[in-house]
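Printed here is entry.txt (compact mmCIF, C-alpha atoms):
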# COMPACT_ATOMS: atom_id res chain seq x y z
CA MET A 4 35.83 5.56 -15.45
CA ASN A 5 36.70 3.41 -12.50
CA ALA A 6 35.44 -0.01 -13.53
CA ASP A 7 35.85 -1.80 -10.21
CA TRP A 8 32.11 -2.25 -10.01
CA LEU A 9 32.17 -4.14 -13.29
CA GLY A 10 34.76 -6.48 -11.86
CA GLU A 11 32.32 -7.61 -9.21
CA ILE A 12 29.88 -8.88 -11.81
CA HIS A 13 30.09 -12.52 -12.76
CA PHE A 14 29.61 -12.66 -16.50
CA ASP A 15 28.82 -15.99 -18.14
CA ALA A 16 31.05 -17.83 -20.61
CA ASP A 17 29.86 -15.49 -23.37
CA GLY A 18 30.75 -12.41 -21.31
CA LEU A 19 27.08 -11.64 -20.66
CA VAL A 20 24.88 -11.13 -17.63
CA PRO A 21 21.06 -11.18 -17.54
CA VAL A 22 19.44 -7.81 -16.93
CA VAL A 23 15.89 -7.41 -15.65
CA ALA A 24 14.26 -4.06 -16.43
CA GLN A 25 11.57 -2.88 -14.05
CA ASP A 26 9.38 0.19 -14.37
CA ALA A 27 10.51 2.40 -11.50
CA ALA A 28 7.06 3.92 -11.03
CA SER A 29 4.67 1.00 -11.47
CA GLY A 30 6.99 -1.79 -10.40
CA ARG A 31 6.01 -3.70 -13.52
CA VAL A 32 8.69 -6.08 -14.79
CA LEU A 33 9.13 -4.97 -18.39
CA MET A 34 11.66 -7.30 -19.95
CA MET A 35 14.77 -9.37 -19.44
CA ALA A 36 17.72 -9.03 -21.77
CA TRP A 37 21.49 -9.43 -21.62
CA ALA A 38 24.38 -7.05 -21.19
CA ASP A 39 28.14 -7.22 -21.59
CA ARG A 40 30.66 -5.00 -19.81
CA GLU A 41 30.41 -2.29 -22.40
CA ALA A 42 26.60 -2.18 -22.28
CA LEU A 43 26.66 -1.84 -18.50
CA ALA A 44 29.36 0.81 -18.55
CA GLU A 45 27.47 2.87 -21.11
CA THR A 46 24.22 2.49 -19.18
CA ALA A 47 25.86 3.69 -15.98
CA ARG A 48 27.47 6.61 -17.79
CA THR A 49 24.52 7.77 -19.90
CA LYS A 50 21.60 6.59 -17.70
CA ARG A 51 20.02 5.17 -20.84
CA ALA A 52 19.47 1.42 -20.90
CA VAL A 53 21.89 -0.45 -23.14
CA TYR A 54 21.87 -4.20 -23.68
CA TRP A 55 23.73 -6.74 -25.78
CA SER A 56 21.58 -8.17 -28.54
CA ARG A 57 22.41 -11.86 -28.80
CA SER A 58 20.49 -12.22 -32.07
CA ARG A 59 22.32 -9.31 -33.69
CA SER A 60 25.61 -9.73 -31.81
CA ARG A 61 25.96 -6.06 -31.09
CA LEU A 62 25.19 -3.39 -28.51
CA TRP A 63 21.52 -2.60 -28.37
CA ARG A 64 20.64 0.85 -27.20
CA LYS A 65 17.05 0.22 -26.18
CA GLY A 66 14.75 2.39 -28.27
CA GLU A 67 17.24 3.00 -31.07
CA GLU A 68 14.62 1.88 -33.60
CA SER A 69 11.35 2.13 -31.71
CA GLY A 70 12.05 5.36 -29.85
CA HIS A 71 11.06 3.51 -26.68
CA THR A 72 14.17 4.33 -24.73
CA GLN A 73 14.59 3.63 -21.04
CA GLN A 74 15.88 6.22 -18.59
CA VAL A 75 17.71 4.32 -15.85
CA SER A 76 17.30 5.62 -12.31
CA GLU A 77 18.92 2.75 -10.48
CA ILE A 78 21.16 -0.22 -11.19
CA ARG A 79 21.20 -3.12 -8.78
CA LEU A 80 23.18 -6.35 -8.53
CA ASP A 81 22.02 -9.57 -6.93
CA CYS A 82 23.66 -11.53 -4.13
CA ASP A 83 25.56 -13.84 -6.46
CA GLY A 84 26.70 -10.98 -8.66
CA ASP A 85 25.30 -12.64 -11.74
CA VAL A 86 22.04 -10.78 -12.38
CA VAL A 87 21.53 -7.04 -12.83
CA LEU A 88 18.34 -5.03 -12.30
CA TYR A 89 17.65 -1.73 -14.05
CA ALA A 90 14.93 0.52 -12.60
CA VAL A 91 13.70 2.52 -15.57
CA GLU A 92 11.33 5.14 -16.80
CA GLN A 93 9.92 3.62 -19.98
CA THR A 94 9.46 6.13 -22.78
CA GLY A 95 6.03 5.77 -24.37
CA GLY A 96 5.03 3.27 -21.71
CA ILE A 97 5.88 0.49 -24.18
CA ALA A 98 8.81 -1.84 -23.60
CA CYS A 99 7.78 -4.71 -25.87
CA HIS A 100 8.29 -4.93 -29.62
CA THR A 101 4.68 -6.19 -29.83
CA GLY A 102 3.51 -2.73 -28.72
CA ARG A 103 2.66 -3.77 -25.19
CA ALA A 104 3.76 -2.21 -21.91
CA SER A 105 5.68 -5.31 -20.84
CA CYS A 106 7.15 -8.29 -22.65
CA PHE A 107 5.48 -10.49 -20.01
CA TYR A 108 1.99 -10.17 -21.44
CA ARG A 109 1.16 -13.89 -21.50
CA ARG A 110 -0.23 -15.50 -18.37
CA LEU A 111 -0.59 -19.20 -17.73
CA ASP A 112 -4.29 -20.02 -17.48
CA GLY A 113 -4.71 -23.71 -16.71
CA ASP A 114 -2.64 -25.38 -19.40
CA ARG A 115 -2.39 -22.52 -21.89
CA TRP A 116 -0.80 -19.12 -22.23
CA GLU A 117 -3.27 -16.27 -22.57
CA ALA A 118 -2.30 -12.83 -23.85
CA VAL A 119 -3.82 -10.70 -21.12
CA ASP A 120 -2.33 -7.27 -21.78
CA PRO A 121 -3.47 -4.91 -24.52
CA VAL A 122 -1.44 -3.80 -27.53
CA LEU A 123 -0.99 -0.08 -26.91
CA GLN A 124 0.48 0.72 -30.30
CA ASP A 125 0.57 -1.21 -33.58
CA PRO A 126 4.13 -2.51 -34.00
CA GLU A 127 4.02 -1.55 -37.67
CA LEU A 128 3.62 2.04 -36.61
CA ILE A 129 6.36 1.75 -34.01
CA TYR A 130 8.96 0.46 -36.44
CA ARG A 131 7.89 2.35 -39.56
CA LYS A 132 10.52 4.98 -40.22
CA MET B 7 -1.16 -32.86 -17.31
CA ASN B 8 -1.42 -31.29 -20.73
CA ALA B 9 2.07 -29.93 -21.32
CA ASP B 10 1.41 -27.88 -24.45
CA TRP B 11 2.25 -24.72 -22.55
CA LEU B 12 5.71 -26.08 -21.80
CA GLY B 13 6.23 -26.65 -25.51
CA GLU B 14 5.90 -22.94 -26.15
CA ILE B 15 8.86 -22.16 -23.92
CA HIS B 16 12.24 -21.84 -25.56
CA PHE B 17 14.69 -23.53 -23.25
CA ASP B 18 18.40 -22.92 -23.70
CA ALA B 19 20.98 -25.50 -24.71
CA ASP B 20 21.02 -26.78 -21.11
CA GLY B 21 17.25 -27.16 -21.08
CA LEU B 22 16.83 -24.17 -18.79
CA VAL B 23 14.94 -20.89 -18.86
CA PRO B 24 15.54 -17.85 -16.62
CA VAL B 25 12.80 -17.18 -14.10
CA VAL B 26 12.27 -13.81 -12.44
CA ALA B 27 10.40 -13.90 -9.13
CA GLN B 28 8.48 -10.80 -8.17
CA ASP B 29 6.61 -10.12 -4.94
CA ALA B 30 2.97 -10.00 -6.00
CA ALA B 31 2.04 -7.47 -3.32
CA SER B 32 4.97 -5.05 -3.26
CA GLY B 33 6.13 -5.47 -6.85
CA ARG B 34 9.67 -5.95 -5.57
CA VAL B 35 11.87 -8.08 -7.81
CA LEU B 36 13.10 -10.75 -5.42
CA MET B 37 15.47 -12.96 -7.40
CA MET B 38 16.26 -14.52 -10.72
CA ALA B 39 16.96 -18.21 -11.01
CA TRP B 40 16.57 -20.96 -13.61
CA ALA B 41 14.00 -23.64 -14.28
CA ASP B 42 13.76 -26.74 -16.42
CA ARG B 43 10.55 -28.32 -17.72
CA GLU B 44 10.06 -30.33 -14.57
CA ALA B 45 10.51 -27.33 -12.27
CA LEU B 46 7.95 -25.35 -14.24
CA ALA B 47 5.49 -28.23 -14.36
CA GLU B 48 5.74 -28.76 -10.62
CA THR B 49 5.38 -25.03 -9.95
CA ALA B 50 2.24 -24.86 -12.07
CA ARG B 51 0.79 -27.94 -10.38
CA THR B 52 1.64 -27.12 -6.76
CA LYS B 53 1.69 -23.31 -6.86
CA ARG B 54 4.96 -23.45 -4.95
CA ALA B 55 8.00 -22.00 -6.70
CA VAL B 56 10.43 -24.63 -7.95
CA TYR B 57 13.69 -23.86 -9.75
CA TRP B 58 16.64 -25.78 -11.11
CA SER B 59 19.77 -25.28 -9.07
CA ARG B 60 22.67 -25.05 -11.49
CA SER B 61 25.24 -25.29 -8.70
CA ARG B 62 23.68 -28.44 -7.25
CA SER B 63 22.33 -29.82 -10.55
CA ARG B 64 18.97 -30.70 -9.10
CA LEU B 65 15.46 -29.40 -8.58
CA TRP B 66 15.34 -26.69 -5.99
CA ARG B 67 12.07 -26.30 -4.16
CA LYS B 68 12.51 -22.76 -2.93
CA GLY B 69 12.47 -22.73 0.85
CA GLU B 70 13.28 -26.41 1.26
CA GLU B 71 16.11 -25.48 3.64
CA SER B 72 15.29 -21.94 4.70
CA GLY B 73 11.54 -22.34 5.05
CA HIS B 74 11.22 -19.28 2.83
CA THR B 75 8.89 -20.83 0.31
CA GLN B 76 7.14 -18.87 -2.42
CA GLN B 77 3.44 -19.25 -3.13
CA VAL B 78 2.96 -18.59 -6.84
CA SER B 79 -0.14 -16.65 -7.84
CA GLU B 80 0.74 -16.09 -11.47
CA ILE B 81 3.13 -17.43 -14.09
CA ARG B 82 3.94 -15.29 -17.11
CA LEU B 83 5.97 -15.79 -20.27
CA ASP B 84 7.69 -13.10 -22.28
CA CYS B 85 7.25 -12.26 -25.96
CA ASP B 86 10.18 -14.40 -27.09
CA GLY B 87 9.11 -17.31 -24.94
CA ASP B 88 12.48 -17.49 -23.29
CA VAL B 89 11.95 -15.84 -19.90
CA VAL B 90 9.38 -16.72 -17.23
CA LEU B 91 8.01 -14.50 -14.47
CA TYR B 92 6.60 -15.85 -11.20
CA ALA B 93 4.39 -13.56 -9.12
CA VAL B 94 4.84 -14.82 -5.58
CA GLU B 95 3.92 -14.38 -1.99
CA GLN B 96 7.26 -14.65 -0.19
CA THR B 97 7.06 -16.56 3.08
CA GLY B 98 8.85 -14.69 5.85
CA GLY B 99 9.35 -11.73 3.55
CA ILE B 100 12.87 -12.99 2.87
CA ALA B 101 13.87 -14.30 -0.56
CA CYS B 102 17.65 -13.97 -0.27
CA HIS B 103 20.01 -16.41 1.42
CA THR B 104 21.69 -13.39 3.02
CA GLY B 105 18.51 -12.80 5.06
CA ARG B 106 17.31 -9.88 2.99
CA ALA B 107 13.94 -9.31 1.35
CA SER B 108 15.39 -9.35 -2.16
CA CYS B 109 18.58 -10.67 -3.69
CA PHE B 110 18.96 -7.30 -5.40
CA TYR B 111 20.15 -5.46 -2.30
CA ARG B 112 23.22 -3.82 -3.85
CA ARG B 113 22.79 -0.52 -5.66
CA LEU B 114 25.34 1.13 -7.89
CA ASP B 115 26.40 4.37 -6.25
CA GLY B 116 28.89 6.15 -8.50
CA ASP B 117 31.49 3.50 -9.17
CA ARG B 118 30.73 1.12 -6.33
CA TRP B 119 28.04 -1.27 -5.19
CA GLU B 120 26.43 -0.32 -1.90
CA ALA B 121 24.37 -2.76 0.17
CA VAL B 122 21.30 -0.62 0.75
CA ASP B 123 18.78 -3.11 2.14
CA PRO B 124 18.80 -4.42 5.71
CA VAL B 125 19.41 -7.99 6.80
CA LEU B 126 16.07 -9.02 8.27
CA GLN B 127 17.26 -12.30 9.72
CA ASP B 128 20.72 -13.68 10.43
CA PRO B 129 21.44 -16.32 7.78
CA GLU B 130 22.93 -18.57 10.43
CA LEU B 131 19.55 -18.66 12.10
CA ILE B 132 17.76 -19.25 8.81
CA TYR B 133 19.84 -22.26 7.87
CA ARG B 134 20.41 -23.73 11.34
CA LYS B 135 18.39 -26.88 11.60
Translate the structure described by the file into structure tokens.
Amino acid sequence: MNADWLGEIHFDADGLVPVVAQDAASGRVLMMAWADREALAETARTKRAVYWSRSRSRLWRKGEESGHTQQVSEIRLDCDGDVVLYAVEQTGGIACHTGRASCFYRRLDGDRWEAVDPVLQDPELIYRK
Amino acid sequence: MNADWLGEIHFDADGLVPVVAQDAASGRVLMMAWADREALAETARTKRAVYWSRSRSRLWRKGEESGHTQQVSEIRLDCDGDVVLYAVEQTGGIACHTGRASCFYRRLDGDRWEAVDPVLQDPELIYRK
């Protein structure tokens, strides 16, 4: 694979770049995670969203445990070349490990965060294998 | 101001958190930048998007030079408490310093990035004072 496009991305000191995942149909911002070169290359090749898990220090093929994979229809890069945007179709309609559609389910209401989006599936059921 | 809500945010080692700005009307992801406690507090108080400019090491009141301010209708926090989402009304319909609606104007097409969104205003006109 010609990796010129990867060379235009400005990775941080850890070799990572932030990736925003947006639902291609609803426009909902689902999550933000990180990717290294390998994660981006695999995503571009397979059209399945891959990230780098900083907590586990390994490639994270989104949905590998939950089944909530993301089919990637578009990959975009920002003006500074240091943020990537995946447009995705979210399997199961659930991106968040809490069982919600989006990880951004808390909204600032005055001086407190309120969970304003419903849990669509019990996380214990999502991760029970 | 009661700052309990700021205490729930997990800032990185530099005291920053990534902030995604999304157009509240179109759903378009406009940009990703960073914020410190002060930037978030001011944003919540004034409803005008404030970030922390890492290149200039100072608060960045979006639009202070370009006039392209962002009116913030909603602030959200993700499940891990380490990413913030601003829903904004983008003044002038231009978020990017290149004169485009969104900073994410490059799309991966095969093995190259293609600029697929139009320049709405010449940057030299935006920044000429």
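Proximity to Glu127 (chain A) at 10 Å, evaluated using only C-alpha atoms and with sequence-adjacent residues fewer than 3 positions away removed, yields His100, Thr101, Gly102, Gln124, Tyr130, Arg131 and Lys132 of chain A.
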Can you spit out the residues from that selection as a short mmCIF file (atom, residue, chain, number, x, y, z; two decimals), keeping the file's coordinate frame, using C-alpha atoms?
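Wrote it out as again-v5.cif, contents follow:
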data_model
loop_
_atom_site.label_atom_id
_atom_site.label_comp_id
_atom_site.auth_asym_id
_atom_site.auth_seq_id
_atom_site.Cartn_x
_atom_site.Cartn_y
_atom_site.Cartn_z
CA HIS A 100 8.29 -4.93 -29.62
CA THR A 101 4.68 -6.19 -29.83
CA GLY A 102 3.51 -2.73 -28.72
CA GLN A 124 0.48 0.72 -30.30
CA TYR A 130 8.96 0.46 -36.44
CA ARG A 131 7.89 2.35 -39.56
CA LYS A 132 10.52 4.98 -40.22
#
Let me make sure I understand: among A:Gly95, A:Pro121, A:Gly66, A:Gly84, which one has the smallest atom-to-atom distance to chain B if we use all atoms listed in the file?
A:Gly84
Please identify all residues of chain B having at least one atom at most 8 Å from any atom of chain A, considering only C-alpha atoms, and return them as a ChimeraX atom specification.
/B:7-11,33-35,37-38,80-85,89-91,102,104,109-114,117-119
As AutoDock Vina command-line options, what would the box around region 88-99 of chain B look like: edges along x, y and z, 6 Å added on every side, centre and edge lengths in Å to one decimal?
--center_x 8.2 --center_y -14.6 --center_z -8.7 --size_x 20.6 --size_y 17.8 --size_z 41.1
Would you list the contacts of Lys68 (chain B) as a count of residues only, taking every protein, DNA or RNA residue within 8 Å and counting all atoms listed in the file, but skipping same-chain residues closer than 2 positions in sequence?
10
Suppose you want the space between CA of Ile97 (chain A) and CA of Lys50 (chain A); what is it in Å?
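So the answer is 18.1 Å.
Interatomic distance, CA of Ser79 (chain B) against CA of Gln74 (chain A): 29.9 Å.
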Work out how far CA of Asp120 (chain A) is from CA of Ala45 (chain B), in Å to one decimal.
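For CA of Ala45 (chain B) relative to CA of Asp120 (chain A), the distance reads 25.6 Å.
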Taking into account all atoms listed in the file, which residue in the set B:Val23, B:His16, B:Ala41, B:Ala31 is nearest to Gly99 (chain B)?
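Comparing B:Val23, B:His16, B:Ala41, B:Ala31 against Gly99 (chain B), the winner is B:Ala31.
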